[in-house]
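structure11.cif, holding mmCIF, C-alpha atoms and all ligand atoms:
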```cif
data_model
#
loop_
_atom_site.group_PDB
_atom_site.id
_atom_site.type_symbol
_atom_site.label_atom_id
_atom_site.label_comp_id
_atom_site.auth_asym_id
_atom_site.auth_seq_id
_atom_site.Cartn_x
_atom_site.Cartn_y
_atom_site.Cartn_z
ATOM 1 C CA MET S 19 94.955 103.527 84.835
ATOM 2 C CA GLY S 20 97.266 104.287 81.910
ATOM 3 C CA GLU S 21 100.262 102.622 83.535
ATOM 4 C CA HIS S 22 98.631 99.219 83.285
ATOM 5 C CA HIS S 23 98.555 99.153 79.448
ATOM 6 C CA GLU S 24 94.808 98.490 79.190
ATOM 7 C CA ASP S 25 94.460 99.737 75.609
ATOM 8 C CA THR S 26 97.510 97.977 74.224
ATOM 9 C CA ILE S 27 96.527 94.716 75.868
ATOM 10 C CA ALA S 28 92.982 94.956 74.513
ATOM 11 C CA ASN S 29 94.400 95.586 71.040
ATOM 12 C CA LEU S 30 96.719 92.587 71.264
ATOM 13 C CA LEU S 31 93.827 90.374 72.356
ATOM 14 C CA ASP S 32 91.803 91.618 69.365
ATOM 15 C CA GLN S 33 94.724 90.798 67.071
ATOM 16 C CA SER S 34 95.022 87.367 68.610
ATOM 17 C CA GLY S 35 91.327 86.722 68.053
ATOM 18 C CA GLN S 36 91.551 87.807 64.433
ATOM 19 C CA ALA S 37 94.571 85.582 63.865
ATOM 20 C CA VAL S 38 92.622 82.619 65.248
ATOM 21 C CA MET S 39 89.814 83.318 62.759
ATOM 22 C CA VAL S 40 92.178 83.095 59.801
ATOM 23 C CA GLY S 41 93.856 80.020 61.227
ATOM 24 C CA ASP S 42 97.178 81.667 62.081
ATOM 25 C CA SER S 43 97.730 80.128 65.476
ATOM 26 C CA LEU S 44 101.363 81.173 65.626
ATOM 27 C CA LYS S 45 100.438 84.829 65.320
ATOM 28 C CA ALA S 46 97.578 84.355 67.756
ATOM 29 C CA ASP S 47 99.851 82.876 70.417
ATOM 30 C CA ASP S 48 102.450 85.548 69.822
ATOM 31 C CA ALA S 49 99.938 88.350 70.423
ATOM 32 C CA LEU S 50 98.697 86.620 73.571
ATOM 33 C CA ALA S 51 102.222 86.219 74.910
ATOM 34 C CA LYS S 52 103.007 89.866 74.256
ATOM 35 C CA ALA S 53 99.847 90.973 76.020
ATOM 36 C CA ARG S 54 100.588 88.823 79.057
ATOM 37 C CA GLN S 55 104.125 90.138 79.219
ATOM 38 C CA LEU S 56 103.010 93.774 79.272
ATOM 39 C CA ASP S 57 101.031 93.289 82.458
ATOM 40 C CA PRO S 58 99.848 89.853 83.519
ATOM 41 C CA VAL S 59 97.186 91.262 85.854
ATOM 42 C CA THR S 60 95.598 93.585 83.297
ATOM 43 C CA PHE S 61 95.804 90.691 80.857
ATOM 44 C CA GLU S 62 93.728 88.550 83.220
ATOM 45 C CA ILE S 63 91.216 91.345 83.804
ATOM 46 C CA GLU S 64 90.762 91.789 80.068
ATOM 47 C CA LEU S 65 90.352 88.039 79.522
ATOM 48 C CA ALA S 66 87.781 88.004 82.301
ATOM 49 C CA ARG S 67 85.854 90.883 80.703
ATOM 50 C CA ARG S 68 85.691 89.067 77.414
ATOM 51 C CA ALA S 69 84.623 85.771 78.923
ATOM 52 C CA TRP S 70 82.016 87.576 81.034
ATOM 53 C CA ALA S 71 80.532 89.342 78.022
ATOM 54 C CA ASN S 72 80.430 86.135 75.963
ATOM 55 C CA GLN S 73 76.763 85.294 75.426
ATOM 56 C CA LEU S 74 77.341 82.075 73.466
ATOM 57 C CA GLY S 75 75.521 78.962 74.686
ATOM 58 C CA GLY S 76 72.513 78.484 76.939
ATOM 59 C CA ASP S 77 71.867 80.128 80.302
ATOM 60 C CA GLU S 78 73.463 77.227 82.101
ATOM 61 C CA GLU S 79 76.616 77.483 80.045
ATOM 62 C CA ILE S 80 76.847 81.241 80.496
ATOM 63 C CA ARG S 81 76.455 80.881 84.226
ATOM 64 C CA ARG S 82 79.122 78.181 84.410
ATOM 65 C CA ARG S 83 81.481 80.312 82.333
ATOM 66 C CA ARG S 84 80.913 83.266 84.632
ATOM 67 C CA GLU S 85 81.526 81.200 87.716
ATOM 68 C CA ASN S 86 84.818 80.131 86.195
ATOM 69 C CA VAL S 87 85.679 83.756 85.487
ATOM 70 C CA ILE S 88 85.101 84.563 89.139
ATOM 71 C CA LYS S 89 87.164 81.609 90.297
ATOM 72 C CA ARG S 90 90.067 82.568 88.094
ATOM 73 C CA LEU S 91 89.867 86.285 88.838
ATOM 74 C CA GLY S 92 89.686 85.465 92.550
ATOM 75 C CA GLY S 93 93.007 83.649 92.197
ATOM 76 C CA VAL S 94 94.501 86.654 90.421
ATOM 77 C CA ALA S 95 93.228 88.978 93.153
ATOM 78 C CA VAL S 96 94.850 86.921 95.884
ATOM 79 C CA ALA S 97 98.140 86.685 93.971
ATOM 80 C CA ALA S 98 98.209 90.407 93.158
ATOM 81 C CA ALA S 99 96.485 91.697 96.263
ATOM 82 C CA GLU S 100 97.748 95.261 95.833
ATOM 83 C CA ARG S 101 95.884 95.628 92.562
ATOM 84 C CA ILE S 102 92.668 97.351 93.578
ATOM 85 C CA ASP S 103 91.340 97.189 90.014
ATOM 86 C CA VAL S 104 91.093 93.397 90.363
ATOM 87 C CA TRP S 105 89.183 93.577 93.651
ATOM 88 C CA LYS S 106 86.778 96.080 92.084
ATOM 89 C CA GLN S 107 86.208 93.948 89.025
ATOM 90 C CA LEU S 108 85.745 90.856 91.145
ATOM 91 C CA ALA S 109 83.249 92.648 93.400
ATOM 92 C CA GLU S 110 81.313 93.797 90.339
ATOM 93 C CA TYR S 111 81.043 90.265 88.909
ATOM 94 C CA LEU S 112 80.047 88.813 92.266
ATOM 95 C CA ARG S 113 77.332 91.428 92.566
ATOM 96 C CA GLN S 114 76.028 90.576 89.116
ATOM 97 C CA LEU S 115 75.758 86.939 90.129
ATOM 98 C CA GLY S 116 73.952 87.967 93.318
ATOM 99 C CA ASN S 117 76.773 86.721 95.536
ATOM 100 C CA HIS S 118 76.710 89.565 98.043
ATOM 101 C CA GLU S 119 78.693 87.685 100.693
ATOM 102 C CA GLY S 120 81.393 87.398 98.046
ATOM 103 C CA VAL S 121 81.216 91.153 97.490
ATOM 104 C CA LEU S 122 81.767 91.672 101.223
ATOM 105 C CA ARG S 123 84.878 89.478 101.145
ATOM 106 C CA ALA S 124 86.283 91.101 97.998
ATOM 107 C CA THR S 125 85.714 94.651 99.249
ATOM 108 C CA ALA S 126 87.204 93.793 102.650
ATOM 109 C CA SER S 127 90.340 92.461 100.966
ATOM 110 C CA GLY S 128 90.626 95.513 98.737
ATOM 111 C CA LEU S 129 89.997 97.949 101.575
ATOM 112 C CA LYS S 130 92.694 96.280 103.644
ATOM 113 C CA ARG S 131 95.167 97.516 100.997
ATOM 114 C CA ASP S 132 93.461 100.787 100.159
ATOM 115 C CA PRO S 133 91.279 101.911 103.065
ATOM 116 C CA VAL S 134 90.315 105.192 101.413
ATOM 117 C CA ASN S 135 88.962 103.667 98.219
ATOM 118 C CA VAL S 136 85.497 105.136 97.967
ATOM 119 C CA ASP S 137 84.393 102.868 95.123
ATOM 120 C CA LEU S 138 85.024 99.799 97.288
ATOM 121 C CA TRP S 139 83.200 101.389 100.241
ATOM 122 C CA VAL S 140 80.172 102.140 98.069
ATOM 123 C CA ARG S 141 80.095 98.565 96.769
ATOM 124 C CA ARG S 142 80.321 97.322 100.340
ATOM 125 C CA VAL S 143 77.418 99.474 101.514
ATOM 126 C CA LYS S 144 75.245 98.214 98.679
ATOM 127 C CA ALA S 145 76.079 94.571 99.412
ATOM 128 C CA GLN S 146 75.313 95.083 103.101
ATOM 129 C CA ILE S 147 71.951 96.596 102.192
ATOM 130 C CA GLU S 148 71.210 93.561 99.988
ATOM 131 C CA LEU S 149 72.094 91.278 102.889
ATOM 132 C CA GLU S 150 70.024 93.390 105.284
ATOM 133 C CA GLN S 151 73.064 94.045 107.454
ATOM 134 C CA LEU S 152 71.766 97.520 108.047
ATOM 135 C CA VAL S 153 73.829 98.461 111.076
ATOM 136 C CA SER S 154 77.042 97.495 109.264
ATOM 137 C CA ALA S 155 75.779 99.304 106.168
ATOM 138 C CA ALA S 156 75.350 102.479 108.206
ATOM 139 C CA ARG S 157 78.888 102.094 109.522
ATOM 140 C CA SER S 158 80.316 101.582 106.020
ATOM 141 C CA LEU S 159 78.433 104.556 104.669
ATOM 142 C CA LYS S 160 79.916 106.668 107.440
ATOM 143 C CA HIS S 161 83.378 105.536 106.344
ATOM 144 C CA ALA S 162 82.586 106.341 102.716
ATOM 145 C CA CYS S 163 81.344 109.710 103.818
ATOM 146 C CA VAL S 164 84.549 110.455 105.705
ATOM 147 C CA VAL S 165 86.714 109.246 102.830
ATOM 148 C CA SER S 166 84.897 111.149 100.119
ATOM 149 C CA PRO S 167 81.890 113.127 101.319
ATOM 150 C CA THR S 168 81.128 114.794 98.010
ATOM 151 C CA HIS S 169 81.575 111.761 95.762
ATOM 152 C CA ASP S 170 78.500 111.332 93.540
ATOM 153 C CA ALA S 171 77.828 107.729 94.557
ATOM 154 C CA VAL S 172 78.165 108.612 98.244
ATOM 155 C CA GLU S 173 75.789 111.534 97.772
ATOM 156 C CA ALA S 174 73.301 109.246 96.089
ATOM 157 C CA LEU S 175 73.445 106.680 98.912
ATOM 158 C CA ILE S 176 73.051 109.365 101.551
ATOM 159 C CA ARG S 177 70.031 110.778 99.780
ATOM 160 C CA VAL S 178 68.247 107.474 99.415
ATOM 161 C CA HIS S 179 69.193 105.871 102.732
ATOM 162 C CA PRO S 180 68.475 107.797 105.918
ATOM 163 C CA LEU S 181 69.348 106.313 109.311
ATOM 164 C CA CYS S 182 66.884 105.093 111.911
ATOM 165 C CA GLY S 183 66.471 107.829 114.503
ATOM 166 C CA LYS S 184 66.376 105.229 117.251
ATOM 167 C CA CYS S 185 69.119 102.678 116.552
ATOM 168 C CA GLY S 186 71.155 104.227 113.730
ATOM 169 C CA ALA S 187 70.634 101.390 111.234
ATOM 170 C CA LEU S 188 70.332 102.276 107.580
ATOM 171 C CA TYR S 189 66.846 102.186 106.074
ATOM 172 C CA PRO S 190 66.808 100.030 102.934
ATOM 173 C CA THR S 191 64.636 102.652 101.211
ATOM 174 C CA SER S 192 63.836 106.291 101.865
ATOM 175 C CA GLY S 193 60.164 105.466 102.428
ATOM 176 C CA ALA S 194 60.535 102.385 104.672
ATOM 177 C CA ASP S 195 57.680 101.884 107.139
ATOM 178 C CA THR S 196 59.713 100.237 109.864
ATOM 179 C CA CYS S 197 63.351 99.845 110.819
ATOM 180 C CA ALA S 198 64.438 96.309 109.923
ATOM 181 C CA ASN S 199 66.876 96.366 112.809
ATOM 182 C CA CYS S 200 64.904 97.636 115.828
ATOM 183 C CA GLY S 201 61.334 97.687 114.542
ATOM 184 C CA ALA S 202 60.830 101.412 115.184
ATOM 185 C CA ASP S 203 58.589 103.395 112.850
ATOM 186 C CA GLY S 204 60.334 104.480 109.679
ATOM 187 C CA PRO S 205 60.173 107.548 107.439
ATOM 188 C CA GLY S 206 57.195 105.974 105.627
ATOM 189 C CA LYS S 207 55.232 106.520 108.833
ATOM 190 C CA GLY S 208 56.640 109.989 109.312
ATOM 191 C CA ALA S 209 59.246 109.084 111.934
ATOM 192 C CA PRO S 210 62.220 111.442 112.192
ATOM 193 C CA VAL S 211 65.394 110.107 110.598
ATOM 194 C CA ARG S 212 69.056 111.007 110.702
ATOM 195 C CA SER S 213 71.568 111.509 107.982
ATOM 196 C CA VAL S 214 75.032 109.957 108.149
ATOM 197 C CA ARG S 215 76.408 113.308 107.236
ATOM 198 C CA SER S 216 74.640 115.898 109.304
ATOM 199 C CA ARG S 217 75.350 114.021 112.508
ATOM 200 C CA HIS S 218 78.990 113.367 111.979
ATOM 201 C CA GLN S 219 80.426 116.059 109.831
ATOM 202 C CA SER S 220 81.098 119.739 109.893
ATOM 203 C CA LYS S 221 81.399 121.891 106.818
ATOM 204 C CA PHE S 222 85.173 121.469 107.021
ATOM 205 C CA ASP S 223 84.926 117.696 106.944
ATOM 206 C CA ILE S 224 82.538 117.804 104.033
ATOM 207 C CA TYR S 225 84.475 120.186 101.875
ATOM 208 C CA PHE S 226 88.058 119.474 102.762
ATOM 209 C CA PRO S 227 88.470 116.391 100.511
ATOM 210 C CA ARG S 228 87.207 118.275 97.491
ATOM 211 C CA VAL S 229 89.213 121.350 98.382
ATOM 212 C CA ARG S 230 92.253 119.111 98.845
ATOM 213 C CA ASP S 231 91.853 117.700 95.324
ATOM 214 C CA VAL S 232 91.612 121.168 93.813
ATOM 215 C CA LEU S 233 94.553 122.351 95.868
ATOM 216 C CA ALA S 234 96.760 119.377 95.006
ATOM 217 C CA GLU S 235 96.083 119.867 91.331
ATOM 218 C CA ALA S 236 96.645 123.627 91.453
ATOM 219 C CA LEU S 237 100.011 123.063 93.152
ATOM 220 C CA ASP S 238 101.038 119.978 91.132
ATOM 221 C CA MET S 239 101.325 117.812 94.205
ATOM 222 C CA PRO S 240 102.143 114.150 93.612
ATOM 223 C CA ASP S 241 99.399 111.696 94.483
ATOM 224 C CA HIS S 242 101.074 110.188 97.547
ATOM 225 C CA ILE S 243 101.474 113.643 99.111
ATOM 226 C CA LYS S 244 97.887 114.529 98.263
ATOM 227 C CA LYS S 245 96.595 111.421 100.011
ATOM 228 C CA ARG S 246 98.286 112.473 103.243
ATOM 229 C CA LEU S 247 97.086 116.037 103.098
ATOM 230 C CA THR S 248 94.879 117.132 105.973
ATOM 231 C CA LEU S 249 94.136 120.607 107.230
ATOM 232 C CA ASP S 250 96.573 119.778 109.993
ATOM 233 C CA THR S 251 99.462 118.746 107.722
ATOM 234 C CA LEU S 252 98.845 121.855 105.673
ATOM 235 C CA VAL S 253 99.499 123.835 108.792
ATOM 236 C CA LYS S 254 102.661 121.916 109.612
ATOM 237 C CA ARG S 255 104.325 121.366 106.264
ATOM 238 C CA HIS S 256 102.806 123.667 103.744
ATOM 239 C CA LEU S 257 102.087 126.705 105.826
ATOM 240 C CA LYS S 258 103.823 129.426 103.857
ATOM 241 C CA ARG S 259 103.347 129.628 100.125
ATOM 242 C CA THR S 260 104.182 132.319 97.632
ATOM 243 C CA ASN S 261 101.446 134.751 96.730
ATOM 244 C CA GLN S 262 101.446 133.396 93.176
ATOM 245 C CA GLN S 263 100.830 129.865 94.420
ATOM 246 C CA CYS S 264 98.034 131.038 96.667
ATOM 247 C CA ALA S 265 96.528 133.048 93.843
ATOM 248 C CA ARG S 266 96.559 129.880 91.732
ATOM 249 C CA VAL S 267 94.713 128.012 94.492
ATOM 250 C CA LEU S 268 92.191 130.845 94.795
ATOM 251 C CA ARG S 269 91.529 130.747 91.068
ATOM 252 C CA ALA S 270 91.146 126.981 91.000
ATOM 253 C CA MET S 271 88.785 127.126 93.974
ATOM 254 C CA SER S 272 86.560 129.734 92.408
ATOM 255 C CA ASN S 273 86.451 127.654 89.210
ATOM 256 C CA GLU S 274 85.468 124.564 91.168
ATOM 257 C CA PHE S 275 82.939 126.062 93.544
ATOM 258 C CA GLY S 276 81.895 129.090 91.502
ATOM 259 C CA ALA S 277 78.523 130.317 92.641
ATOM 260 C CA ALA S 278 78.800 128.526 95.986
ATOM 261 C CA PHE S 279 81.159 131.172 97.362
ATOM 262 C CA ASP S 280 80.012 133.731 99.822
ATOM 263 C CA HIS S 281 81.734 136.660 98.157
ATOM 264 C CA GLU S 282 82.287 138.818 101.210
ATOM 265 C CA LEU S 283 84.196 136.047 102.960
ATOM 266 C CA PHE S 284 85.934 135.070 99.767
ATOM 267 C CA LYS S 285 87.335 138.578 99.350
ATOM 268 C CA SER S 286 88.790 138.466 102.822
ATOM 269 C CA ALA S 287 90.850 135.338 102.080
ATOM 270 C CA VAL S 288 94.411 135.677 103.354
ATOM 271 C CA ILE S 289 97.035 135.339 100.669
ATOM 272 C CA GLY S 290 100.407 133.742 101.440
ATOM 273 C CA TYR S 291 99.445 131.421 104.252
ATOM 274 C CA LEU S 292 97.945 128.339 102.707
ATOM 275 C CA ASP S 293 96.214 126.969 105.812
ATOM 276 C CA LEU S 294 94.501 130.291 106.479
ATOM 277 C CA LEU S 295 93.588 130.615 102.838
ATOM 278 C CA ILE S 296 92.021 127.170 102.835
ATOM 279 C CA SER S 297 90.075 127.769 106.042
ATOM 280 C CA ASP S 298 88.788 131.055 104.652
ATOM 281 C CA LEU S 299 87.847 129.439 101.380
ATOM 282 C CA ILE S 300 85.954 126.607 103.051
ATOM 283 C CA ARG S 301 84.199 129.108 105.270
ATOM 284 C CA ALA S 302 83.303 131.058 102.134
ATOM 285 C CA ILE S 303 81.589 128.097 100.536
ATOM 286 C CA ASN S 304 77.901 128.587 101.050
ATOM 287 C CA PRO S 305 76.149 125.220 101.222
ATOM 288 C CA LYS S 306 72.777 126.740 100.420
ATOM 289 C CA ASP S 307 73.997 127.408 96.898
ATOM 290 C CA ASP S 308 75.880 124.162 96.530
ATOM 291 C CA LYS S 309 73.720 121.439 95.061
ATOM 292 C CA THR S 310 76.057 118.712 96.285
ATOM 293 C CA ILE S 311 74.773 119.071 99.816
ATOM 294 C CA ASP S 312 71.272 120.189 99.020
ATOM 295 C CA THR S 313 69.204 119.148 102.004
ATOM 296 C CA GLY S 314 66.008 119.924 100.071
ATOM 297 C CA ILE S 315 66.749 117.187 97.572
ATOM 298 C CA ARG S 316 67.413 114.748 100.368
ATOM 299 C CA ARG S 317 64.198 115.705 102.103
ATOM 300 C CA LYS S 318 62.313 115.152 98.875
ATOM 301 C CA ALA S 319 63.963 111.756 98.463
ATOM 302 C CA MET S 320 62.903 110.812 101.989
ATOM 303 C CA TYR S 321 59.415 112.180 102.175
ATOM 304 C CA GLY S 322 58.461 112.858 98.573
ATOM 305 C CA THR S 323 56.629 110.694 96.109
ATOM 306 C CA GLY S 324 59.460 108.118 96.101
ATOM 307 C CA ALA S 325 59.604 104.407 96.914
HETATM 308 ZN ZN ZN E 401 66.150 101.161 114.189
#
```
Whole structure given in structure tokens:
Amino acid sequence: MGEHHEDTIANLLDQSGQAVMVGDSLKADDALAKARQLDPVTFEIELARRAWANQLGGDEEIRRRRENVIKRLGGVAVAAAERIDVWKQLAEYLRQLGNHEGVLRATASGLKRDPVNVDLWVRRVKAQIELEQLVSAARSLKHACVVSPTHDAVEALIRVHPLCGKCGALYPTSGADTCANCGADGPGKGAPVRSVRSRHQSKFDIYFPRVRDVLAEALDMPDHIKKRLTLDTLVKRHLKRTNQQCARVLRAMSNEFGAAFDHELFKSAVIGYLDLLISDLIRAINPKDDKTIDTGIRRKAMYGTGA
């Protein structure tokens, strides 16, 4: 985020506003021009934030102002399509106005440029649930789950939204009586449900993204390399590492997963060969002790007192 000068631009906009208050329009314009020059896209995002937060005027006026914000930000998004921060912001505003079709369009555009952006996937799932597109929502949640299976927001969605055991559509709530897609009995009537995760992912799939992040940080890998890292590319390109590097990865992993390690397996981790080390480490993670995939919590969310 730092590279887009958010803080400096916000400061310059504050200065401009203060200059307006004391009637110094020259200084005000100067600060605005400087801010725009630093990064025109961030400048637009910041202007949009301020206009959005502006509560002056009646409801009608606020709504009109917000619609204008969306129109303008939509133009910025199209002109600077690579800037995912604009698509995210736009999706957020559209959601707040209840324009869920708009959210679908904005997230689709963003995901075209950055298909592994979990934030956009989560927004998309939520919009699809709002629109009762529950088969598509299930599909999007599966994508989110593949992209970032241990992300908090993905976890939360998985816990609250089981899949219909019959057709695979997402239930809008964990206690739904019937499937809105096929009409089958839902968890509210005690019907068996599926989870996006348990059906489609092994322990390796679930943990690899998190392990990859820890690994990339421990080895100072640049972001673009990290994004391409799979267990397979580890085998091909990063197979042999020095013992010191592997020891660093081991340490970072035990910091990250701590109590979730099965210590016997952990001790047997092979030093030197990164792919073997990683496989051993993932095998050593004991899901029973790891709250991030606590099936008990999910069961409670589905069958407990909830919704
Ligand atoms: Zn169904």
Within 9 Å of ligand ZN 401 (chain E) (only C-alpha atoms and all ligand atoms), residues as number ranges by chain = S: 153, 181-189, 196-204
Would you please work out which residue, of S:Val164, S:Ile176, S:Val87, S:Leu292, is nearest to S:Ala234 when using all atoms listed in the file?
->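 Checking each of S:Val164, S:Ile176, S:Val87, S:Leu292 against S:Ala234, counting all atoms listed in the file, the winner is S:Leu292.
The space separating atom CA of S:Leu152 from atom CA of S:Thr191 comes to 11.1 Å.
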Please measure the separation of atom CA of S:Glu24 and atom CA of S:Thr60, giving the value in Å to one decimal.
->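 If I compute the distance from atom CA of S:Glu24 to atom CA of S:Thr60, I get 6.4 Å.
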Check what the PyMOL selection byres (((chain S and resi 159) around 8) and not hetatm) selects in the file above and give those residues as a VMD selection string.
-> chain S and resid 139 to 140 143 155 to 158 160 to 163 172 175 to 176 214
Could you write out the selected residues, including C-alpha atoms, as a PDB file, in the coordinates of the input?
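New file part.pdb:
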```pdb
ATOM      1  CA  TRP S 139      83.200 101.389 100.241  1.00  0.00           C
ATOM      2  CA  VAL S 140      80.172 102.140  98.069  1.00  0.00           C
ATOM      3  CA  VAL S 143      77.418  99.474 101.514  1.00  0.00           C
ATOM      4  CA  ALA S 155      75.779  99.304 106.168  1.00  0.00           C
ATOM      5  CA  ALA S 156      75.350 102.479 108.206  1.00  0.00           C
ATOM      6  CA  ARG S 157      78.888 102.094 109.522  1.00  0.00           C
ATOM      7  CA  SER S 158      80.316 101.582 106.020  1.00  0.00           C
ATOM      8  CA  LYS S 160      79.916 106.668 107.440  1.00  0.00           C
ATOM      9  CA  HIS S 161      83.378 105.536 106.344  1.00  0.00           C
ATOM     10  CA  ALA S 162      82.586 106.341 102.716  1.00  0.00           C
ATOM     11  CA  CYS S 163      81.344 109.710 103.818  1.00  0.00           C
ATOM     12  CA  VAL S 172      78.165 108.612  98.244  1.00  0.00           C
ATOM     13  CA  LEU S 175      73.445 106.680  98.912  1.00  0.00           C
ATOM     14  CA  ILE S 176      73.051 109.365 101.551  1.00  0.00           C
ATOM     15  CA  VAL S 214      75.032 109.957 108.149  1.00  0.00           C
TER      16      VAL S 214
END
```
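This file, queried with the PyMOL selection byres (((chain S and resi 120) around 12) and not hetatm), gives the residues Ile88, Lys89, Gly92, Trp105, Lys106, Leu108, Ala109, Glu110, Tyr111, Leu112, Arg113, Gln114, Leu115, Gly116, Asn117, His118, Glu119, Val121, Leu122, Arg123, Ala124, Thr125, Ala126, Ser127, Arg141, Arg142, Ala145, Gln146 and Leu149 of chain S.
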Atom CA of S:Phe279 to atom CA of S:Asp170 measures 20.4 Å
Please evaluate the PyMOL selection byres (((chain S and resi 224) around 9) and not hetatm) against the structure above and give the resulting residues as an MDAnalysis selection string.
-> chainID S and resid 163:164 166:168 215 219:223 225:228 311
From the list S:Ser286, S:Asn273, S:Asn261, S:Ser213, which residue is nearest S:Val232 when using all atoms listed in the file?
->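 Using all atoms listed in the file, the shortest distance to S:Val232 belongs to S:Asn273.
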Show which residues sit within 10 Å of S:Gly35, as a VMD selection string. Count all atoms listed in the file, and ignore same-chain residues fewer than 6 positions away.
-> chain S and resid 29 41 to 43 45 to 47 49 to 50
Please, could you write that set of residues out with C-alpha atoms as a tab-separated table (two decimals), keeping the file's coordinate frame?
```tsv
chain	number	residue	atom	x	y	z
S	29	ASN	CA	94.40	95.59	71.04
S	41	GLY	CA	93.86	80.02	61.23
S	42	ASP	CA	97.18	81.67	62.08
S	43	SER	CA	97.73	80.13	65.48
S	45	LYS	CA	100.44	84.83	65.32
S	46	ALA	CA	97.58	84.36	67.76
S	47	ASP	CA	99.85	82.88	70.42
S	49	ALA	CA	99.94	88.35	70.42
S	50	LEU	CA	98.70	86.62	73.57
```
Just the residues within 12 Å of S:Asp231, please, counting only C-alpha atoms, with nothing from its chain fewer than 3 positions along; format it as number ranges by chain.
-> S: 166, 168-169, 225-228, 234-241, 243-248, 267, 270-271, 274
For the residues in that selection, give me C-alpha atoms as a PDB file, keeping the file's coordinate frame.
```pdb
ATOM      1  CA  SER S 166      84.897 111.149 100.119  1.00  0.00           C
ATOM      2  CA  THR S 168      81.128 114.794  98.010  1.00  0.00           C
ATOM      3  CA  HIS S 169      81.575 111.761  95.762  1.00  0.00           C
ATOM      4  CA  TYR S 225      84.475 120.186 101.875  1.00  0.00           C
ATOM      5  CA  PHE S 226      88.058 119.474 102.762  1.00  0.00           C
ATOM      6  CA  PRO S 227      88.470 116.391 100.511  1.00  0.00           C
ATOM      7  CA  ARG S 228      87.207 118.275  97.491  1.00  0.00           C
ATOM      8  CA  ALA S 234      96.760 119.377  95.006  1.00  0.00           C
ATOM      9  CA  GLU S 235      96.083 119.867  91.331  1.00  0.00           C
ATOM     10  CA  ALA S 236      96.645 123.627  91.453  1.00  0.00           C
ATOM     11  CA  LEU S 237     100.011 123.063  93.152  1.00  0.00           C
ATOM     12  CA  ASP S 238     101.038 119.978  91.132  1.00  0.00           C
ATOM     13  CA  MET S 239     101.325 117.812  94.205  1.00  0.00           C
ATOM     14  CA  PRO S 240     102.143 114.150  93.612  1.00  0.00           C
ATOM     15  CA  ASP S 241      99.399 111.696  94.483  1.00  0.00           C
ATOM     16  CA  ILE S 243     101.474 113.643  99.111  1.00  0.00           C
ATOM     17  CA  LYS S 244      97.887 114.529  98.263  1.00  0.00           C
ATOM     18  CA  LYS S 245      96.595 111.421 100.011  1.00  0.00           C
ATOM     19  CA  ARG S 246      98.286 112.473 103.243  1.00  0.00           C
ATOM     20  CA  LEU S 247      97.086 116.037 103.098  1.00  0.00           C
ATOM     21  CA  THR S 248      94.879 117.132 105.973  1.00  0.00           C
ATOM     22  CA  VAL S 267      94.713 128.012  94.492  1.00  0.00           C
ATOM     23  CA  ALA S 270      91.146 126.981  91.000  1.00  0.00           C
ATOM     24  CA  MET S 271      88.785 127.126  93.974  1.00  0.00           C
ATOM     25  CA  GLU S 274      85.468 124.564  91.168  1.00  0.00           C
TER      26      GLU S 274
END
```
Distance criterion (all atoms listed in the file): nearest to S:Lys130 out of S:Ile289, S:Leu295, S:Arg101, S:Leu268 |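 Using all atoms listed in the file, S:Lys130 sits closest to S:Arg101.
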Pick from S:Ser192, S:Ser154, S:Ser297, S:Ser272, whichever lies nearest to S:Lys207 using only C-alpha atoms =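 For S:Lys207, the nearest of the candidates is S:Ser192.
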Rank S:Arg68, S:Arg54, S:His22, S:Arg177 by their smallest atom-to-atom distance to S:Arg212, using only C-alpha atoms, and report the top residue only.
->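 Selected residue with least distance to S:Arg212: S:Arg177.
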